[in-house]
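Chemist: The structure's right below; bear with me while I get my questions together.
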Amino acid sequence: MEWLTLVATLGGALIAISGTVLADRLRTRQEADRGLGARRREVYTDFISAAGVAHTRLRELAQNADASLDREAASRAALVDAQVYEVRERLFIDAGATVAAAGQRMFEQLRALRRAVAAGASLSEPRFHDAYHPYIASVWDYRVAVRDELEGRSLTPDTFGWANWDGRERCSVCRAGDALEGTRATTP
């Protein structure tokens, strides 16, 4: 009878310890998941903010008519000074695959815009808009990917009453160019 009591006591202790260890592991995992979620939210916001700062600087450069300005160096500095490269590395470390891919596409479009500005494109030229609108579309694609991952809620251009994300239909320069193209097409 003494052995039975001892075995029952040890069995109960083993079950209690196992339950405690399991509960502790689950709590640790939940805390880690919350920490990852907070880090992701922070880096996702930091990345789009850094890209926004670089984008603003590139637009300023595209408005600058100073011929003595070294646009290549200034456009490169716009991305470096905004810390896009550093935040992009943090994005790759913490982001889910879908957001990382959307972030990379956005980064590539930002670099295409940088190259257009470095080559002398001004805000009122089609070559600026040929790079600008794909960049804007990629910004929205990134936002959609982030919202899907973090909140499971998506956005569509319809939400804002738009036809698509790139903004061409709302762009006065592109609309004027389309009207000019339409006039050329109908003029013999």
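Ligands are numbered from 1 in the order shown, chains are lettered A, B, ... in the order of the structure tokens, and residues start at 1 in each chain.
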Write out as a PyMOL selection string the residues lying within 7 Å of region 127-131 of chain A, counting only C-alpha atoms and excluding same-chain residues fewer than 3 positions away.

Modeler: chain A and resi 112-113+116-117+121-123+134-135

Chemist: Hey, what's within 9 Å of Ala118 (chain A) if we count only C-alpha atoms and toss same-chain stuff fewer than 3 positions away? As a compact mmCIF listing (two decimals) with N, CA, C and O atoms, in the first residue's frame, please?

Modeler:
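Generated output (around24.txt):
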# COMPACT_ATOMS: atom_id res chain seq x y z
N LEU A 58 13.03 63.75 -53.08
CA LEU A 58 13.15 63.57 -54.53
C LEU A 58 12.22 64.52 -55.28
O LEU A 58 12.60 65.07 -56.32
N LEU A 61 13.84 67.86 -55.30
CA LEU A 61 14.92 67.89 -56.30
C LEU A 61 14.35 68.03 -57.71
O LEU A 61 14.91 68.74 -58.56
N ALA A 62 13.24 67.35 -57.98
CA ALA A 62 12.62 67.41 -59.30
C ALA A 62 12.06 68.80 -59.60
O ALA A 62 11.90 69.17 -60.75
N ASP A 70 24.12 68.81 -58.55
CA ASP A 70 24.49 67.43 -58.91
C ASP A 70 23.33 66.53 -58.49
O ASP A 70 23.26 66.08 -57.36
N ARG A 71 22.42 66.31 -59.43
CA ARG A 71 21.21 65.55 -59.13
C ARG A 71 21.50 64.10 -58.76
O ARG A 71 20.79 63.51 -57.96
N GLU A 72 22.52 63.54 -59.35
CA GLU A 72 22.89 62.15 -59.03
C GLU A 72 23.24 62.04 -57.55
O GLU A 72 22.71 61.20 -56.83
N ALA A 73 24.15 62.89 -57.10
CA ALA A 73 24.57 62.84 -55.70
C ALA A 73 23.43 63.23 -54.76
O ALA A 73 23.24 62.60 -53.71
N ALA A 74 22.69 64.26 -55.13
CA ALA A 74 21.59 64.72 -54.27
C ALA A 74 20.48 63.67 -54.17
O ALA A 74 19.91 63.47 -53.09
N SER A 75 20.20 62.98 -55.25
CA SER A 75 19.15 61.97 -55.21
C SER A 75 19.60 60.75 -54.40
O SER A 75 18.80 60.15 -53.68
N ARG A 76 20.86 60.40 -54.51
CA ARG A 76 21.38 59.30 -53.68
C ARG A 76 21.33 59.69 -52.20
O ARG A 76 20.96 58.89 -51.35
N LEU A 113 12.38 55.94 -59.22
CA LEU A 113 12.06 57.37 -59.14
C LEU A 113 13.34 58.17 -58.91
O LEU A 113 13.55 59.21 -59.53
N ARG A 114 14.22 57.66 -58.05
CA ARG A 114 15.49 58.34 -57.80
C ARG A 114 16.30 58.46 -59.09
O ARG A 114 16.86 59.51 -59.39
N ARG A 115 16.34 57.38 -59.88
CA ARG A 115 17.09 57.42 -61.14
C ARG A 115 16.50 58.44 -62.12
O ARG A 115 17.23 59.14 -62.82
N ALA A 121 14.69 64.54 -64.60
CA ALA A 121 13.23 64.64 -64.75
C ALA A 121 12.67 65.68 -63.78
O ALA A 121 13.07 65.73 -62.62

Chemist: List as a list in words the protein and nucleic acid residues near region 106-108 of chain A, meaning an atom at most 10 Å away when only C-alpha atoms are counted, but skip any in the same chain fewer than 3 places from it.

Modeler: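 My reading of the contact set: Phe47, Ile48, Ala51, Leu79, Val84, Tyr85, Arg88, Ala100, Ala101, Ala102, Gly103, Arg111, Ala112, Leu113, Arg114, Pro134, Tyr135, Ile136, Ala137, Ser138, Val139, Trp140, Asp141 and Tyr142 of chain A.
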
Chemist: Write the selection just made, keeping C-alpha atoms, as a PDB file, in the first residue's frame?

Modeler:
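Here's the written file selection24.pdb:
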ATOM      1  CA  PHE A  47       9.971  51.842 -43.467  1.00  0.00           C
ATOM      2  CA  ILE A  48       7.061  53.676 -45.063  1.00  0.00           C
ATOM      3  CA  ALA A  51      10.466  56.077 -47.918  1.00  0.00           C
ATOM      4  CA  LEU A  79      17.637  57.897 -49.797  1.00  0.00           C
ATOM      5  CA  VAL A  84      15.736  53.904 -46.178  1.00  0.00           C
ATOM      6  CA  TYR A  85      18.541  51.369 -46.489  1.00  0.00           C
ATOM      7  CA  ARG A  88      14.841  48.128 -45.127  1.00  0.00           C
ATOM      8  CA  ALA A 100       8.910  41.938 -47.094  1.00  0.00           C
ATOM      9  CA  ALA A 101       8.163  41.313 -50.783  1.00  0.00           C
ATOM     10  CA  ALA A 102       5.844  44.342 -50.984  1.00  0.00           C
ATOM     11  CA  GLY A 103       8.495  46.425 -49.209  1.00  0.00           C
ATOM     12  CA  ARG A 111      15.011  53.713 -56.658  1.00  0.00           C
ATOM     13  CA  ALA A 112      13.486  53.984 -60.156  1.00  0.00           C
ATOM     14  CA  LEU A 113      12.059  57.369 -59.142  1.00  0.00           C
ATOM     15  CA  ARG A 114      15.488  58.341 -57.801  1.00  0.00           C
ATOM     16  CA  PRO A 134       4.396  53.010 -60.210  1.00  0.00           C
ATOM     17  CA  TYR A 135       6.068  54.100 -56.965  1.00  0.00           C
ATOM     18  CA  ILE A 136       2.762  55.388 -55.563  1.00  0.00           C
ATOM     19  CA  ALA A 137       1.036  52.136 -56.572  1.00  0.00           C
ATOM     20  CA  SER A 138       3.759  50.155 -54.772  1.00  0.00           C
ATOM     21  CA  VAL A 139       3.295  52.294 -51.628  1.00  0.00           C
ATOM     22  CA  TRP A 140      -0.377  51.355 -51.586  1.00  0.00           C
ATOM     23  CA  ASP A 141       0.432  47.696 -52.248  1.00  0.00           C
ATOM     24  CA  TYR A 142       2.755  47.799 -49.233  1.00  0.00           C
TER      25      TYR A 142
END

Chemist: Would you compute the distance between CA of Gln83 (chain A) and CA of Gly52 (chain A)? Give it in Å to one decimal.

Modeler: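 These two atoms are separated by 10.8 Å.
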
Chemist: In Å to one decimal, how far is CA of His55 (chain A) from CA of His133 (chain A)?

Modeler: 11.9 Å

Chemist: Just list as a PyMOL selection string whatever in region 92-176 of chain A DSSP marks as alpha helix (DSSP H).

Modeler: chain A and resi 92-94+97-118+126-151+172-176

Chemist: Pick out the closest residue to Arg40 (chain A) from this set: A:Asp94, A:Glu125, A:Glu89, A:Glu60. Count only C-alpha atoms.

Modeler: A:Asp94

Chemist: Using only C-alpha atoms, which of A:Tyr132, A:Glu169, A:Leu155, A:Leu10 sits nearest Thr56 (chain A)?

Modeler: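 With only C-alpha atoms as the atom set, the closest residue is A:Tyr132.
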
Chemist: If you measure from CA of Leu110 (chain A) to CA of Ala77 (chain A), what distance in Å do you get, rounded to one decimal?

Modeler: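 Separating CA of Leu110 (chain A) from CA of Ala77 (chain A) is a distance of 13.1 Å.
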
Chemist: Hey, what's within 9 Å of Ala95 (chain A) if we count only C-alpha atoms and toss same-chain stuff fewer than 3 positions away? As a short mmCIF file (atom, residue, chain, number, x, y, z; two decimals) with N, CA, C and O atoms, in the first residue's frame, please?

Modeler:
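Written file, around-v1.cif:
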data_model
loop_
_atom_site.label_atom_id
_atom_site.label_comp_id
_atom_site.auth_asym_id
_atom_site.auth_seq_id
_atom_site.Cartn_x
_atom_site.Cartn_y
_atom_site.Cartn_z
N ARG A 39 7.27 44.79 -32.79
CA ARG A 39 8.44 45.12 -33.61
C ARG A 39 8.05 45.26 -35.07
O ARG A 39 8.52 46.17 -35.76
N ARG A 40 7.18 44.37 -35.54
CA ARG A 40 6.75 44.45 -36.94
C ARG A 40 6.01 45.75 -37.18
O ARG A 40 6.28 46.44 -38.16
N VAL A 43 8.59 48.58 -37.36
CA VAL A 43 9.45 48.61 -38.54
C VAL A 43 8.63 48.87 -39.80
O VAL A 43 9.10 49.55 -40.71
N TYR A 44 7.38 48.40 -39.85
CA TYR A 44 6.54 48.67 -41.01
C TYR A 44 6.27 50.17 -41.13
O TYR A 44 6.33 50.73 -42.22
N ARG A 90 16.07 46.17 -41.42
CA ARG A 90 15.24 45.78 -40.26
C ARG A 90 13.94 45.15 -40.75
O ARG A 90 13.45 44.19 -40.15
N LEU A 91 13.40 45.67 -41.84
CA LEU A 91 12.17 45.12 -42.41
C LEU A 91 12.39 43.66 -42.80
O LEU A 91 11.57 42.79 -42.48
N PHE A 92 13.51 43.38 -43.46
CA PHE A 92 13.78 42.01 -43.89
C PHE A 92 13.96 41.06 -42.71
O PHE A 92 13.69 39.87 -42.83
N THR A 98 5.15 38.22 -47.17
CA THR A 98 4.33 39.05 -48.06
C THR A 98 4.68 40.52 -47.90
O THR A 98 4.82 41.24 -48.89
N VAL A 99 4.85 40.97 -46.67
CA VAL A 99 5.19 42.37 -46.42
C VAL A 99 6.62 42.66 -46.89
O VAL A 99 6.87 43.71 -47.48
N ALA A 100 7.52 41.74 -46.64
CA ALA A 100 8.91 41.94 -47.09
C ALA A 100 8.95 42.07 -48.62
O ALA A 100 9.65 42.94 -49.15
#
